[in-house]
Structures are given as C-alpha cells and as structure tokens.
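What's in upload19.pdb: PDB, C-alpha atoms and all ligand atoms
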```
ATOM      1  CA  MET A   1       3.264   3.308  13.547
ATOM      2  CA  SER A   2       6.859   3.799  14.528
ATOM      3  CA  LEU A   3       9.168   4.376  11.576
ATOM      4  CA  ARG A   4      12.102   3.000  13.498
ATOM      5  CA  PRO A   5      12.359  -0.799  13.550
ATOM      6  CA  PRO A   6      14.190  -2.205  16.565
ATOM      7  CA  GLY A   7      17.886  -2.675  15.752
ATOM      8  CA  SER A   8      17.959  -6.230  17.024
ATOM      9  CA  ALA A   9      15.220  -7.523  14.705
ATOM     10  CA  ARG A  10      16.014 -10.195  12.095
ATOM     11  CA  GLY A  11      17.406  -8.625   8.903
ATOM     12  CA  VAL A  12      17.737  -5.145  10.395
ATOM     13  CA  ARG A  13      21.302  -3.883  10.713
ATOM     14  CA  ARG A  14      22.381  -0.702  12.423
ATOM     15  CA  ARG A  15      24.703   1.341  10.200
ATOM     16  CA  GLY A  16      26.071   4.324  12.088
ATOM     17  CA  ARG A  17      22.954   6.178  13.255
ATOM     18  CA  GLY A  18      20.716   4.631  10.593
ATOM     19  CA  THR A  19      18.997   1.343   9.846
ATOM     20  CA  ALA A  20      19.494  -1.026   6.911
ATOM     21  CA  VAL A  21      16.804  -3.423   5.741
ATOM     22  CA  LYS A  22      17.320  -6.428   3.469
ATOM     23  CA  ILE A  23      14.694  -6.857   0.743
ATOM     24  CA  VAL A  24      14.570  -9.595  -1.923
ATOM     25  CA  ILE A  25      13.118  -9.113  -5.403
ATOM     26  CA  THR A  26      11.994 -12.456  -6.794
ATOM     27  CA  GLY A  27       9.739 -13.716  -9.568
ATOM     28  CA  PRO A  28       9.761 -15.824 -12.720
ATOM     29  CA  PHE A  29      12.099 -15.646 -15.710
ATOM     30  CA  ALA A  30      12.193 -12.274 -17.485
ATOM     31  CA  ALA A  31       9.637 -10.630 -15.164
ATOM     32  CA  GLY A  32      11.853  -7.524 -14.906
ATOM     33  CA  LYS A  33      13.646  -8.086 -11.570
ATOM     34  CA  THR A  34      17.074  -6.879 -12.700
ATOM     35  CA  THR A  35      15.459  -3.931 -14.479
ATOM     36  CA  LEU A  36      13.517  -2.920 -11.355
ATOM     37  CA  ILE A  37      16.669  -2.879  -9.215
ATOM     38  CA  ARG A  38      18.609  -0.942 -11.863
ATOM     39  CA  THR A  39      15.793   1.606 -12.101
ATOM     40  CA  ILE A  40      15.817   2.464  -8.405
ATOM     41  CA  SER A  41      19.342   1.762  -7.156
ATOM     42  CA  GLU A  42      21.495   4.740  -6.167
ATOM     43  CA  ILE A  43      24.631   2.665  -6.678
ATOM     44  CA  THR A  44      25.715   0.812  -9.812
ATOM     45  CA  VAL A  45      23.934  -2.519  -9.577
ATOM     46  CA  LEU A  46      26.113  -5.552  -9.157
ATOM     47  CA  SER A  47      24.588  -8.128 -11.511
ATOM     48  CA  THR A  48      25.596 -11.627 -12.539
ATOM     49  CA  GLU A  49      24.060 -11.986 -15.989
ATOM     50  CA  ARG A  50      25.134 -14.602 -18.546
ATOM     51  CA  GLY A  51      24.142 -15.302 -22.141
ATOM     52  CA  ILE A  52      21.238 -17.710 -22.569
ATOM     53  CA  SER A  53      21.864 -20.863 -24.577
ATOM     54  CA  ASP A  54      18.591 -22.777 -24.170
ATOM     55  CA  GLU A  55      15.119 -22.208 -25.669
ATOM     56  CA  SER A  56      14.504 -19.141 -23.435
ATOM     57  CA  ALA A  57      17.031 -17.271 -25.614
ATOM     58  CA  ALA A  58      14.107 -16.389 -27.886
ATOM     59  CA  ARG A  59      12.778 -14.073 -25.142
ATOM     60  CA  LYS A  60      15.984 -12.285 -24.104
ATOM     61  CA  ARG A  61      19.740 -12.428 -24.481
ATOM     62  CA  GLU A  62      20.898 -12.633 -20.854
ATOM     63  CA  THR A  63      19.605 -14.012 -17.578
ATOM     64  CA  THR A  64      20.590 -13.561 -13.921
ATOM     65  CA  VAL A  65      22.527 -16.624 -12.769
ATOM     66  CA  ALA A  66      23.293 -15.711  -9.140
ATOM     67  CA  MET A  67      22.001 -12.343  -7.952
ATOM     68  CA  ASP A  68      21.577  -8.601  -8.437
ATOM     69  CA  PHE A  69      22.519  -6.222  -5.678
ATOM     70  CA  GLY A  70      21.469  -2.577  -5.329
ATOM     71  CA  ARG A  71      20.788  -0.003  -2.640
ATOM     72  CA  ILE A  72      18.244   2.780  -2.091
ATOM     73  CA  SER A  73      18.119   5.281   0.762
ATOM     74  CA  ILE A  74      14.594   6.042   1.915
ATOM     75  CA  ASP A  75      15.905   8.889   4.084
ATOM     76  CA  SER A  76      19.073   9.659   6.003
ATOM     77  CA  ASP A  77      18.155   7.013   8.603
ATOM     78  CA  LEU A  78      16.791   4.146   6.509
ATOM     79  CA  VAL A  79      18.456   2.240   3.673
ATOM     80  CA  LEU A  80      17.092  -0.706   1.708
ATOM     81  CA  TYR A  81      19.504  -3.307   0.376
ATOM     82  CA  LEU A  82      17.942  -4.972  -2.638
ATOM     83  CA  PHE A  83      18.812  -8.518  -3.668
ATOM     84  CA  GLY A  84      17.403  -9.826  -6.969
ATOM     85  CA  THR A  85      17.083 -13.567  -7.533
ATOM     86  CA  PRO A  86      17.582 -15.522 -10.750
ATOM     87  CA  GLY A  87      14.280 -16.342 -12.487
ATOM     88  CA  GLN A  88      15.247 -19.616 -14.136
ATOM     89  CA  GLU A  89      14.390 -22.625 -11.953
ATOM     90  CA  ARG A  90      17.771 -24.255 -12.539
ATOM     91  CA  PHE A  91      19.228 -21.532 -10.279
ATOM     92  CA  ASP A  92      16.614 -21.947  -7.548
ATOM     93  CA  PHE A  93      19.279 -22.965  -5.018
ATOM     94  CA  MET A  94      20.050 -19.222  -4.858
ATOM     95  CA  TRP A  95      16.589 -18.382  -3.461
ATOM     96  CA  GLU A  96      17.442 -19.677  -0.011
ATOM     97  CA  VAL A  97      20.919 -18.120  -0.059
ATOM     98  CA  LEU A  98      19.473 -14.713  -0.924
ATOM     99  CA  GLY A  99      16.454 -15.073   1.355
ATOM    100  CA  GLU A 100      18.611 -15.500   4.474
ATOM    101  CA  GLY A 101      17.862 -12.624   6.859
ATOM    102  CA  MET A 102      15.441 -10.808   4.545
ATOM    103  CA  LEU A 103      12.762  -8.639   6.157
ATOM    104  CA  GLY A 104      10.405  -8.790   3.203
ATOM    105  CA  TYR A 105      10.207  -9.545  -0.487
ATOM    106  CA  VAL A 106       8.603  -8.486  -3.752
ATOM    107  CA  VAL A 107       7.187 -11.123  -6.109
ATOM    108  CA  LEU A 108       7.391  -9.529  -9.541
ATOM    109  CA  LEU A 109       5.464 -11.017 -12.417
ATOM    110  CA  ASP A 110       4.885  -9.997 -16.011
ATOM    111  CA  ALA A 111       1.313  -9.131 -16.967
ATOM    112  CA  THR A 112       2.041  -9.804 -20.653
ATOM    113  CA  GLN A 113       3.204 -13.411 -20.133
ATOM    114  CA  PRO A 114       0.303 -15.802 -19.516
ATOM    115  CA  SER A 115       2.566 -18.308 -17.691
ATOM    116  CA  SER A 116       4.037 -15.661 -15.358
ATOM    117  CA  ALA A 117       1.416 -15.906 -12.594
ATOM    118  CA  GLU A 118       1.495 -19.714 -12.551
ATOM    119  CA  ASP A 119       5.299 -19.695 -12.487
ATOM    120  CA  SER A 120       5.171 -17.242  -9.575
ATOM    121  CA  LEU A 121       3.122 -19.644  -7.459
ATOM    122  CA  SER A 122       5.940 -22.170  -6.958
ATOM    123  CA  ILE A 123       8.383 -19.354  -6.174
ATOM    124  CA  LEU A 124       5.947 -17.800  -3.716
ATOM    125  CA  ARG A 125       5.336 -21.155  -2.013
ATOM    126  CA  ALA A 126       9.106 -21.618  -1.595
ATOM    127  CA  PHE A 127       9.549 -18.122  -0.146
ATOM    128  CA  ARG A 128       6.595 -18.438   2.212
ATOM    129  CA  LYS A 129       8.058 -21.693   3.508
ATOM    130  CA  MET A 130      11.463 -20.050   3.935
ATOM    131  CA  ALA A 131      10.391 -17.150   6.183
ATOM    132  CA  PRO A 132       7.094 -15.737   7.509
ATOM    133  CA  VAL A 133       7.958 -12.175   6.462
ATOM    134  CA  PRO A 134       5.710  -9.718   4.585
ATOM    135  CA  PHE A 135       5.640  -9.595   0.808
ATOM    136  CA  VAL A 136       3.918  -7.671  -1.966
ATOM    137  CA  VAL A 137       3.019  -8.812  -5.471
ATOM    138  CA  ALA A 138       3.997  -6.378  -8.239
ATOM    139  CA  VAL A 139       2.573  -6.865 -11.725
ATOM    140  CA  ASN A 140       5.041  -5.519 -14.285
ATOM    141  CA  ARG A 141       4.170  -4.081 -17.698
ATOM    142  CA  CYS A 142       0.708  -3.279 -16.361
ATOM    143  CA  LEU A 143      -0.909   0.174 -16.265
ATOM    144  CA  GLY A 144      -3.722  -0.788 -13.915
ATOM    145  CA  LEU A 145      -5.401  -3.847 -12.441
ATOM    146  CA  ASP A 146      -9.176  -4.117 -12.599
ATOM    147  CA  PRO A 147     -10.820  -5.754  -9.563
ATOM    148  CA  ALA A 148     -11.652  -8.958 -11.474
ATOM    149  CA  GLU A 149      -8.056  -9.375 -12.638
ATOM    150  CA  GLU A 150      -6.764  -8.684  -9.141
ATOM    151  CA  GLU A 151      -9.151 -11.261  -7.718
ATOM    152  CA  ARG A 152      -8.026 -13.829 -10.311
ATOM    153  CA  LEU A 153      -4.381 -13.223  -9.399
ATOM    154  CA  ARG A 154      -5.052 -13.455  -5.672
ATOM    155  CA  GLY A 155      -6.791 -16.797  -6.220
ATOM    156  CA  LEU A 156      -4.009 -18.130  -8.455
ATOM    157  CA  LEU A 157      -1.290 -17.076  -6.024
ATOM    158  CA  GLU A 158      -3.252 -18.194  -2.932
ATOM    159  CA  ILE A 159      -2.706 -14.866  -1.162
ATOM    160  CA  GLU A 160      -4.648 -13.222   1.641
ATOM    161  CA  PRO A 161      -6.642  -9.971   1.178
ATOM    162  CA  ASP A 162      -4.127  -7.943   3.224
ATOM    163  CA  VAL A 163      -1.217  -8.693   0.845
ATOM    164  CA  PRO A 164      -0.775  -5.709  -1.499
ATOM    165  CA  VAL A 165      -1.061  -6.474  -5.235
ATOM    166  CA  LEU A 166       0.197  -3.516  -7.288
ATOM    167  CA  PRO A 167       0.542  -2.753 -10.982
ATOM    168  CA  CYS A 168       4.016  -1.524 -11.824
ATOM    169  CA  ASP A 169       6.448  -0.450 -14.519
ATOM    170  CA  ALA A 170       9.924  -1.718 -13.667
ATOM    171  CA  THR A 171      11.460   0.969 -15.876
ATOM    172  CA  ASP A 172       9.760   3.840 -14.020
ATOM    173  CA  ARG A 173      11.364   5.157 -10.826
ATOM    174  CA  GLU A 174       8.154   6.454  -9.226
ATOM    175  CA  SER A 175       6.366   3.200  -9.914
ATOM    176  CA  VAL A 176       9.200   1.123  -8.396
ATOM    177  CA  LYS A 177       9.304   3.484  -5.404
ATOM    178  CA  GLY A 178       5.591   2.842  -4.843
ATOM    179  CA  VAL A 179       6.149  -0.918  -4.775
ATOM    180  CA  LEU A 180       9.064  -0.672  -2.336
ATOM    181  CA  LEU A 181       7.205   1.704  -0.034
ATOM    182  CA  ALA A 182       4.180  -0.623   0.066
ATOM    183  CA  LEU A 183       6.532  -3.405   1.136
ATOM    184  CA  LEU A 184       8.339  -1.213   3.612
ATOM    185  CA  TYR A 185       5.072  -0.250   5.348
ATOM    186  CA  ALA A 186       4.158  -3.936   5.607
ATOM    187  CA  VAL A 187       7.628  -4.713   7.029
ATOM    188  CA  LEU A 188       7.474  -1.902   9.591
ATOM    189  CA  GLU A 189       3.976  -2.932  10.664
ATOM    190  CA  SER A 190       5.083  -6.506  11.182
ATOM    191  CA  LEU A 191       8.109  -5.350  13.202
ATOM    192  CA  ASP A 192       5.822  -3.198  15.365
ATOM    193  CA  ARG A 193       3.499  -6.176  15.901
ATOM    194  CA  ARG A 194       6.449  -8.363  16.876
ATOM    195  CA  SER A 195       7.802  -5.717  19.252
ATOM    196  CA  ALA A 196       4.361  -5.328  20.850
ATOM    197  CA  ALA A 197       4.025  -9.121  21.241
ATOM    198  CA  ALA A 198       7.468  -9.252  22.862
ATOM    199  CA  GLY A 199       6.487  -6.408  25.188
ATOM    200  CA  VAL A 200       9.257  -4.133  23.867
TER     201      VAL A 200
HETATM  202  N1  LIG A 301       8.977  -2.101 -21.804
HETATM  203  C1  LIG A 301       9.370  -2.650 -20.666
HETATM  204  N2  LIG A 301      10.387  -3.504 -20.709
HETATM  205  C2  LIG A 301      10.786  -4.071 -19.573
HETATM  206  C3  LIG A 301      10.170  -3.776 -18.336
HETATM  207  N3  LIG A 301      10.763  -4.510 -17.369
HETATM  208  C4  LIG A 301      11.713  -5.229 -17.988
HETATM  209  N4  LIG A 301      11.750  -4.959 -19.305
HETATM  210  C5  LIG A 301      12.624  -5.596 -20.278
HETATM  211  O1  LIG A 301      12.355  -6.969 -20.180
HETATM  212  C6  LIG A 301      13.533  -7.739 -20.288
HETATM  213  C7  LIG A 301      13.690  -8.642 -19.105
HETATM  214  O2  LIG A 301      13.986  -7.881 -17.959
HETATM  215  P1  LIG A 301      15.017  -8.355 -16.824
HETATM  216  O3  LIG A 301      15.095  -7.200 -15.895
HETATM  217  O4  LIG A 301      16.264  -8.910 -17.380
HETATM  218  O5  LIG A 301      14.183  -9.541 -16.177
HETATM  219  P2  LIG A 301      14.611 -10.513 -14.990
HETATM  220  O6  LIG A 301      13.373 -10.789 -14.228
HETATM  221  O7  LIG A 301      15.769  -9.962 -14.258
HETATM  222  O8  LIG A 301      15.041 -11.802 -15.812
HETATM  223  P3  LIG A 301      15.852 -13.101 -15.303
HETATM  224  O9  LIG A 301      16.970 -12.661 -14.438
HETATM  225  O10 LIG A 301      16.322 -13.735 -16.586
HETATM  226  O11 LIG A 301      14.838 -13.962 -14.618
HETATM  227  C8  LIG A 301      14.678  -6.743 -20.477
HETATM  228  O12 LIG A 301      14.954  -6.666 -21.847
HETATM  229  C9  LIG A 301      14.096  -5.446 -19.960
HETATM  230  O13 LIG A 301      14.661  -4.318 -20.608
HETATM  231  C10 LIG A 301       9.083  -2.839 -18.325
HETATM  232  O14 LIG A 301       8.498  -2.513 -17.292
HETATM  233  N5  LIG A 301       8.737  -2.306 -19.524
HETATM  234 MG    MG A 302      17.553 -10.802 -13.814
END
```
Give the structure from the file, written as structure tokens.
Ligand SMILES: Nc1nc2c(ncn2[C@@H]2O[C@H](COP(=O)(O)OP(=O)(O)OP(=O)(O)O)[C@@H](O)[C@H]2O)c(=O)[nH]1
Ligand SMILES: [Mg+2]
Amino acid sequence: MSLRPPGSARGVRRRGRGTAVKIVITGPFAAGKTTLIRTISEITVLSTERGISDESAARKRETTVAMDFGRISIDSDLVLYLFGTPGQERFDFMWEVLGEGMLGYVVLLDATQPSSAEDSLSILRAFRKMAPVPFVVAVNRCLGLDPAEEERLRGLLEIEPDVPVLPCDATDRESVKGVLLALLYAVLESLDRRSAAAGV
C-alpha cells in the first residue's frame, strides 16, 4: 500500500511537500469528541463550547455548539486536520458543513451510556448518506470489547465486517493514536483502490 495519497483526491490538500487530510470526529452527546481532539492535537484546540441550559446539564456543564478543530502530524509529510462535530441534535446542521471534503470519519460512542449506540445510528446514517468515505467506530470509556459485545454493536449500527470497531480512552494519547491510525489505513486503502480504478 502506498503511503502517499494522490494530491488531487477529494479532501487531500498539498501543503508544501506534504499532504493534509481532513478527518471528522462525530458521535452522540458527551461521547468524548472534544476530549479526544484535545488529547491528540499538537496545537491548542479551537473549540466552540457553551454552557448547557436544558436537561442535559445534569451530565456535563458545556457542549460543543459548532465545532472543534485540531491538528496532528503523522510524520513530516502527512498531517491530519481534525474537525469535531456537536453531539446535540439541535446542532445537526453542522454535520454537513463539517463533513464537506472529509476523507474519513470516526464515530465515537460512550460504552457507559446505554443510549449512546442507538443515538450513534442516526448520526452514522446521516454521514454515510453524505459521503461514501471510510469510517471507524471507537467505543470510549471501554477497556476491551468482547466478541459478543462487538457483534451486538455491529448489528445495532448496521456496519459491515470490514469496518474497524475499537475500544478507546479519549483521554489517553496512545489509545487515540490507535483509533486515528486505523482510520488513516482505511482512508489510504480506499484512495489506492480509487487510483487503481482510475488507472492512475
Ligand atoms: N474518565 C473519562 N472521562 C472522559 C473520557 N472522555 C471524555 N470524558 C469526560 O466526559 C465529558 C464529556 O466529554 P466531551 O469531550 O465534552 O464530549 P463531547 O462528545 O465533545 O460532548 P458534546 O460536544 O457535548 O457532544 C467531559 O467531562 C470529559 O472530561 C474518557 O475517556 N474517560
Ligand atoms: Mg464536544
């Protein structure tokens, strides 16, 4: 597999001698999206968080209302730009804005919230409709997924066997790196497939 996506591909931007890839981090309310981006970003994350005034205030004080933005360099030639979505459905108009030109996305859900997987399904359906790009499912606050639990999640989220489903800890850099690399491999494979199909 080539590690160099073609510069003309959707969502890939040449920056100097390197390549920049746009990735979206989405998922339901309070899954840990902002936390994940803050854990891994090498720049101070630009976040738009506001105090919560409705019933969700019992779960946390602030929520993302527009986006998070962070950046991580994989090596000197490859940089990921990370865009986090709001989790509350009233801000779902931002999904399409942030999804524009993405090369892949992470659906982050919270293993400790029973409604999190169900809430992820509508988000996932919207993203799949938006763009046929690779995605991974990351299960936050989860030390490991047993095969039965993974199977249950795959069924609930209607995802194919080749879509990675990974346990993760959004506060742990190595864990977040693992999730992003799994997505990156899927993105690079899909770019290679597209290049091969186009005879490039
Ligand atoms: N212990 C623990 N706490 C976490 C983890 N991930 C997130 N949190 C906490 O959970 C809360 C929610 O995390 P956020 O990162 O704000 O979640 P979000 O998905 O951005 O939320 P919205 O933007 O409101 O949808 C915060 O208080 C985090 O500190 C985790 O992996 N472990
Ligand atoms: Mg957030």
Got a sec: who's within 10 Å of Met130 in chain A, counting all atoms listed in the file, leaving out chain neighbours fewer than 5 positions off, as a list in words?
-> Trp95, Glu96, Gly99, Glu100, Leu124 and Arg125 of chain A
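Residue nearest ligand MG 302 (chain A), chosen from A:Arg71, A:Arg90, A:Arg50, A:Arg154 and counting all atoms listed in the file: A:Arg50.
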Near Ile37 in chain A, within 8 Å and counting only C-alpha atoms, which residues show up once chain neighbours fewer than 6 positions away are dropped, as a PyMOL selection string?
-> chain A and resi 45+68-70+82+84
I would like the residues chosen by the PyMOL selection byres (((chain A and resi 137) around 10) and not hetatm) on the shown file; could you give them as a ChimeraX atom specification?
-> /A:26-27,105-109,120,124,135-136,138-140,153-154,157,159,163-168,179,182-183
Within 12 Å of ligand MG 302 (chain A), counting only C-alpha atoms and all ligand atoms, which protein or nucleic acid residues do you find, written as a PyMOL selection string?
-> chain A and resi 25-38+45-52+60-69+83-88+91+108+170
Counting only C-alpha atoms, the option among A:Val24, A:Asp162, A:Leu156, A:Gly104 closest to Leu191 in chain A = A:Gly104
Specify the axis-aligned box that encloses all atoms of ligand LIG 301 (chain A) listed in the file after padding of 3 Å on each side, stating its centre and edge lengths in Å to one decimal as AutoDock Vina command-line options.
```
--center_x 12.7 --center_y -8.0 --center_z -18.0 --size_x 14.5 --size_y 17.9 --size_z 13.6
```
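The two atoms in question, CA of Val176 in chain A and atom C3 of ligand LIG 301 (chain A), are spaced 11.1 Å apart.
When all atoms listed in the file are used to measure the gap to ligand LIG 301 (chain A), the shortest distance among A:Ser195, A:Thr44, A:Ser190, A:Ser56 belongs to A:Ser56.
Here the question is which of A:Lys177, A:Arg59, A:Arg128, A:Arg152 gets nearest to ligand LIG 301 (chain A) using all atoms listed in the file, and that residue is A:Arg59.
From CA of Ala196 in chain A back to CA of Leu98 in chain A, the distance works out to 28.1 Å.
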Please write a file for range 43-127 of chain A, taken from the block I just shared, that holds C-alpha atoms and is laid out as a PDB file, in the first residue's frame.
```pdb
ATOM      1  CA  ILE A  43      -1.971  22.794  18.508  1.00  0.00           C
ATOM      2  CA  THR A  44      -4.326  24.401  21.019  1.00  0.00           C
ATOM      3  CA  VAL A  45      -7.749  23.138  20.012  1.00  0.00           C
ATOM      4  CA  LEU A  46     -10.174  25.714  18.744  1.00  0.00           C
ATOM      5  CA  SER A  47     -13.468  24.798  20.422  1.00  0.00           C
ATOM      6  CA  THR A  48     -16.891  26.411  20.481  1.00  0.00           C
ATOM      7  CA  GLU A  49     -18.339  25.234  23.784  1.00  0.00           C
ATOM      8  CA  ARG A  50     -21.282  26.901  25.542  1.00  0.00           C
ATOM      9  CA  GLY A  51     -22.999  26.326  28.877  1.00  0.00           C
ATOM     10  CA  ILE A  52     -25.894  23.868  28.792  1.00  0.00           C
ATOM     11  CA  SER A  53     -29.290  25.132  29.901  1.00  0.00           C
ATOM     12  CA  ASP A  54     -31.570  22.168  29.152  1.00  0.00           C
ATOM     13  CA  GLU A  55     -31.980  18.784  30.885  1.00  0.00           C
ATOM     14  CA  SER A  56     -28.608  17.527  29.535  1.00  0.00           C
ATOM     15  CA  ALA A  57     -26.931  19.907  32.016  1.00  0.00           C
ATOM     16  CA  ALA A  58     -27.140  17.078  34.554  1.00  0.00           C
ATOM     17  CA  ARG A  59     -24.480  15.191  32.549  1.00  0.00           C
ATOM     18  CA  LYS A  60     -21.977  17.989  31.873  1.00  0.00           C
ATOM     19  CA  ARG A  61     -21.573  21.742  32.048  1.00  0.00           C
ATOM     20  CA  GLU A  62     -20.683  22.617  28.446  1.00  0.00           C
ATOM     21  CA  THR A  63     -21.414  21.287  24.981  1.00  0.00           C
ATOM     22  CA  THR A  64     -19.920  21.889  21.524  1.00  0.00           C
ATOM     23  CA  VAL A  65     -22.235  24.171  19.551  1.00  0.00           C
ATOM     24  CA  ALA A  66     -20.343  24.489  16.247  1.00  0.00           C
ATOM     25  CA  MET A  67     -17.055  22.605  16.012  1.00  0.00           C
ATOM     26  CA  ASP A  68     -13.673  21.654  17.453  1.00  0.00           C
ATOM     27  CA  PHE A  69     -10.566  21.993  15.358  1.00  0.00           C
ATOM     28  CA  GLY A  70      -7.178  20.372  15.994  1.00  0.00           C
ATOM     29  CA  ARG A  71      -4.176  19.087  14.081  1.00  0.00           C
ATOM     30  CA  ILE A  72      -1.814  16.112  14.365  1.00  0.00           C
ATOM     31  CA  SER A  73       1.253  15.373  12.253  1.00  0.00           C
ATOM     32  CA  ILE A  74       1.668  11.691  11.476  1.00  0.00           C
ATOM     33  CA  ASP A  75       5.138  12.369  10.055  1.00  0.00           C
ATOM     34  CA  SER A  76       6.879  15.214   8.270  1.00  0.00           C
ATOM     35  CA  ASP A  77       4.837  14.503   5.119  1.00  0.00           C
ATOM     36  CA  LEU A  78       1.356  13.769   6.465  1.00  0.00           C
ATOM     37  CA  VAL A  79      -0.879  15.932   8.651  1.00  0.00           C
ATOM     38  CA  LEU A  80      -4.404  15.201   9.851  1.00  0.00           C
ATOM     39  CA  TYR A  81      -6.807  18.083  10.376  1.00  0.00           C
ATOM     40  CA  LEU A  82      -9.399  17.046  12.926  1.00  0.00           C
ATOM     41  CA  PHE A  83     -12.890  18.529  12.980  1.00  0.00           C
ATOM     42  CA  GLY A  84     -15.187  17.611  15.892  1.00  0.00           C
ATOM     43  CA  THR A  85     -18.950  17.915  15.494  1.00  0.00           C
ATOM     44  CA  PRO A  86     -21.522  18.967  18.082  1.00  0.00           C
ATOM     45  CA  GLY A  87     -23.287  15.983  19.684  1.00  0.00           C
ATOM     46  CA  GLN A  88     -26.654  17.571  20.402  1.00  0.00           C
ATOM     47  CA  GLU A  89     -29.136  17.009  17.559  1.00  0.00           C
ATOM     48  CA  ARG A  90     -30.266  20.637  17.572  1.00  0.00           C
ATOM     49  CA  PHE A  91     -26.866  21.470  16.025  1.00  0.00           C
ATOM     50  CA  ASP A  92     -27.033  18.736  13.386  1.00  0.00           C
ATOM     51  CA  PHE A  93     -26.935  21.309  10.575  1.00  0.00           C
ATOM     52  CA  MET A  94     -23.192  21.483  11.345  1.00  0.00           C
ATOM     53  CA  TRP A  95     -22.631  17.831  10.351  1.00  0.00           C
ATOM     54  CA  GLU A  96     -22.878  18.588   6.652  1.00  0.00           C
ATOM     55  CA  VAL A  97     -20.816  21.778   6.956  1.00  0.00           C
ATOM     56  CA  LEU A  98     -18.020  19.904   8.720  1.00  0.00           C
ATOM     57  CA  GLY A  99     -18.313  16.799   6.549  1.00  0.00           C
ATOM     58  CA  GLU A 100     -17.592  18.733   3.339  1.00  0.00           C
ATOM     59  CA  GLY A 101     -14.387  17.362   1.800  1.00  0.00           C
ATOM     60  CA  MET A 102     -13.630  14.888   4.598  1.00  0.00           C
ATOM     61  CA  LEU A 103     -11.616  11.786   3.703  1.00  0.00           C
ATOM     62  CA  GLY A 104     -12.882   9.729   6.613  1.00  0.00           C
ATOM     63  CA  TYR A 105     -14.542   9.951   9.993  1.00  0.00           C
ATOM     64  CA  VAL A 106     -14.603   8.477  13.482  1.00  0.00           C
ATOM     65  CA  VAL A 107     -17.937   7.678  15.143  1.00  0.00           C
ATOM     66  CA  LEU A 108     -17.223   7.915  18.857  1.00  0.00           C
ATOM     67  CA  LEU A 109     -19.674   6.480  21.334  1.00  0.00           C
ATOM     68  CA  ASP A 110     -19.679   6.047  25.089  1.00  0.00           C
ATOM     69  CA  ALA A 111     -19.690   2.476  26.378  1.00  0.00           C
ATOM     70  CA  THR A 112     -21.114   3.597  29.737  1.00  0.00           C
ATOM     71  CA  GLN A 113     -24.234   5.252  28.266  1.00  0.00           C
ATOM     72  CA  PRO A 114     -26.854   2.709  27.178  1.00  0.00           C
ATOM     73  CA  SER A 115     -28.417   5.172  24.683  1.00  0.00           C
ATOM     74  CA  SER A 116     -25.070   6.026  23.046  1.00  0.00           C
ATOM     75  CA  ALA A 117     -25.067   3.256  20.420  1.00  0.00           C
ATOM     76  CA  GLU A 118     -28.679   3.913  19.402  1.00  0.00           C
ATOM     77  CA  ASP A 119     -28.004   7.651  19.191  1.00  0.00           C
ATOM     78  CA  SER A 120     -24.968   6.912  17.009  1.00  0.00           C
ATOM     79  CA  LEU A 121     -27.089   5.089  14.435  1.00  0.00           C
ATOM     80  CA  SER A 122     -28.902   8.209  13.192  1.00  0.00           C
ATOM     81  CA  ILE A 123     -25.609  10.120  13.055  1.00  0.00           C
ATOM     82  CA  LEU A 124     -23.933   7.283  11.176  1.00  0.00           C
ATOM     83  CA  ARG A 125     -26.822   7.055   8.699  1.00  0.00           C
ATOM     84  CA  ALA A 126     -26.525  10.805   8.025  1.00  0.00           C
ATOM     85  CA  PHE A 127     -22.757  10.588   7.499  1.00  0.00           C
TER      86      PHE A 127
END
```
